[in-house]
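See structure below.
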Amino acid sequence: MPGADKRDSERILILGELHGEVMVFQPMAIKDISRGGAQVETTFPLQLDSLHDFRLTLGERSIVVKGRVTHCSISDVEQEGVLYRSGVEFIEPSDRVAGVITDFIDAVANGRRAP
């Protein structure tokens, strides 16, 4: 039928206001990384104890890992703006994600030890 509603569930009209937030990926620089977390640099502050999904490109592999912000402070003030350094604790990464992080750390460490 033309004009038929094809939704699986009924939508209701909100009278008044109903607020939400959208999460978007923003660029960041990974300054150091361990199996348990990372230190990142951003152009915006991260709220202490907030949880975020972090997309990390480790070598040729990309992962998404949930992390909790453990600290955040201004690391540099430049003409273009302020840079913030934040500590992130990885929260219960899956075995696959933990494996990618471990493989990356091992590859970097082995590359630095090579003659």
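The chains in the structure tokens are called A, B, ... from first to last as shown; in each chain the residues are counted from 1, and the ligands are counted from 1 in the order shown.
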
*Which neighbours of A:His71 fall inside 12 Å, counting only C-alpha atoms, when residues of the same chain fewer than 5 positions from it are skipped, and could you give them as a PyMOL selection string?*
chain A and resi 37-41+45-50+84-89

*Considering only C-alpha atoms, return as a ChimeraX atom specification whatever protein or nucleic-acid residues lie within 12 Å of A:Met23, sequence-local ones (same chain, fewer than 4 positions apart) excluded.*
/A:51-54

_Which of chain A DSSP labels strand (DSSP E), written as a ChimeraX atom specification_ = /A:29-33,37-42,51-58,61-78,81-90

*Of the candidates A:Ile12, A:Asp76, A:Asp106, A:Phe90, which one gets nearest to A:Phe44 if we count only C-alpha atoms?*
A:Asp76

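Restricting the calculation to only C-alpha atoms, the smallest distance between A:Ile101 and any of A:Arg68, A:Thr43, A:Arg35, A:Glu60 is found for A:Arg35.
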
_Applying 12 Å and only C-alpha atoms, which residues near A:Asp103 remain after dropping the ones on its own chain fewer than 3 positions away? List them as a PyMOL selection string._
chain A and resi 34-35+58-61+95-100+106-110

For the residues selected in the previous step, produce a file with N, CA and C atoms as a PDB file, in the first residue's frame.
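See again-v8.pdb below for the written result:
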ATOM      1  N   SER A  34      49.019   0.802  27.563  1.00  0.00           N
ATOM      2  CA  SER A  34      49.366  -0.443  28.255  1.00  0.00           C
ATOM      3  C   SER A  34      48.189  -1.389  28.088  1.00  0.00           C
ATOM      4  N   ARG A  35      48.323  -2.567  28.629  1.00  0.00           N
ATOM      5  CA  ARG A  35      47.225  -3.532  28.547  1.00  0.00           C
ATOM      6  C   ARG A  35      46.005  -3.053  29.336  1.00  0.00           C
ATOM      7  N   LEU A  58      45.540   0.471  16.026  1.00  0.00           N
ATOM      8  CA  LEU A  58      46.803  -0.069  16.511  1.00  0.00           C
ATOM      9  C   LEU A  58      47.445  -0.838  15.368  1.00  0.00           C
ATOM     10  N   GLY A  59      48.418  -0.205  14.725  1.00  0.00           N
ATOM     11  CA  GLY A  59      49.012  -0.801  13.533  1.00  0.00           C
ATOM     12  C   GLY A  59      47.968  -0.856  12.442  1.00  0.00           C
ATOM     13  N   GLU A  60      47.723  -2.042  11.928  1.00  0.00           N
ATOM     14  CA  GLU A  60      46.740  -2.202  10.849  1.00  0.00           C
ATOM     15  C   GLU A  60      45.382  -2.653  11.371  1.00  0.00           C
ATOM     16  N   ARG A  61      45.224  -2.732  12.684  1.00  0.00           N
ATOM     17  CA  ARG A  61      43.970  -3.194  13.271  1.00  0.00           C
ATOM     18  C   ARG A  61      43.292  -2.050  14.024  1.00  0.00           C
ATOM     19  N   ASP A  95      38.092 -10.516  24.974  1.00  0.00           N
ATOM     20  CA  ASP A  95      39.333 -11.251  24.731  1.00  0.00           C
ATOM     21  C   ASP A  95      39.972 -10.819  23.412  1.00  0.00           C
ATOM     22  N   ARG A  96      39.154 -10.605  22.393  1.00  0.00           N
ATOM     23  CA  ARG A  96      39.679 -10.185  21.086  1.00  0.00           C
ATOM     24  C   ARG A  96      40.341  -8.820  21.186  1.00  0.00           C
ATOM     25  N   VAL A  97      39.676  -7.862  21.825  1.00  0.00           N
ATOM     26  CA  VAL A  97      40.228  -6.510  21.979  1.00  0.00           C
ATOM     27  C   VAL A  97      41.502  -6.543  22.812  1.00  0.00           C
ATOM     28  N   ALA A  98      41.481  -7.282  23.918  1.00  0.00           N
ATOM     29  CA  ALA A  98      42.673  -7.398  24.760  1.00  0.00           C
ATOM     30  C   ALA A  98      43.819  -8.021  23.966  1.00  0.00           C
ATOM     31  N   GLY A  99      43.513  -8.996  23.110  1.00  0.00           N
ATOM     32  CA  GLY A  99      44.531  -9.626  22.284  1.00  0.00           C
ATOM     33  C   GLY A  99      45.158  -8.669  21.290  1.00  0.00           C
ATOM     34  N   VAL A 100      44.338  -7.818  20.679  1.00  0.00           N
ATOM     35  CA  VAL A 100      44.860  -6.828  19.728  1.00  0.00           C
ATOM     36  C   VAL A 100      45.781  -5.850  20.450  1.00  0.00           C
ATOM     37  N   ASP A 106      53.356  -5.829  22.191  1.00  0.00           N
ATOM     38  CA  ASP A 106      54.474  -6.747  21.990  1.00  0.00           C
ATOM     39  C   ASP A 106      55.239  -6.424  20.715  1.00  0.00           C
ATOM     40  N   ALA A 107      54.525  -6.094  19.633  1.00  0.00           N
ATOM     41  CA  ALA A 107      55.185  -5.772  18.361  1.00  0.00           C
ATOM     42  C   ALA A 107      56.024  -4.512  18.492  1.00  0.00           C
ATOM     43  N   VAL A 108      55.516  -3.495  19.165  1.00  0.00           N
ATOM     44  CA  VAL A 108      56.274  -2.256  19.360  1.00  0.00           C
ATOM     45  C   VAL A 108      57.501  -2.524  20.217  1.00  0.00           C
ATOM     46  N   ALA A 109      57.323  -3.265  21.308  1.00  0.00           N
ATOM     47  CA  ALA A 109      58.445  -3.564  22.202  1.00  0.00           C
ATOM     48  C   ALA A 109      59.508  -4.383  21.475  1.00  0.00           C
ATOM     49  N   ASN A 110      59.109  -5.381  20.703  1.00  0.00           N
ATOM     50  CA  ASN A 110      60.060  -6.208  19.962  1.00  0.00           C
ATOM     51  C   ASN A 110      60.766  -5.411  18.880  1.00  0.00           C
TER      52      ASN A 110
END

_Shortest interatomic distance to A:Glu92 - which of A:Ala29, A:Ile74, A:Leu56, A:Val64, counting only C-alpha atoms_ =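 With only C-alpha atoms as the atom set, the closest residue is A:Val64.
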
*Among chain A, which ones does DSSP place in alpha helix (DSSP H), written as a ChimeraX atom specification?*
/A:95-113

*Given the choices A:Ser75, A:Arg55, A:Arg112, A:Gly36, which gets closest to A:Val24 if the distance is worked out from only C-alpha atoms?*
A:Arg55

*In Å to one decimal, how far is atom CA of A:Val22 from atom CA of A:Ser62?*
22.0 Å

*If you measure from atom CA of A:Val65 to atom CA of A:Ile91, what distance in Å do you get, rounded to one decimal?*
7.6 Å

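The spacing separating atom CA of A:Pro93 from atom CA of A:Glu21 amounts to 24.3 Å.
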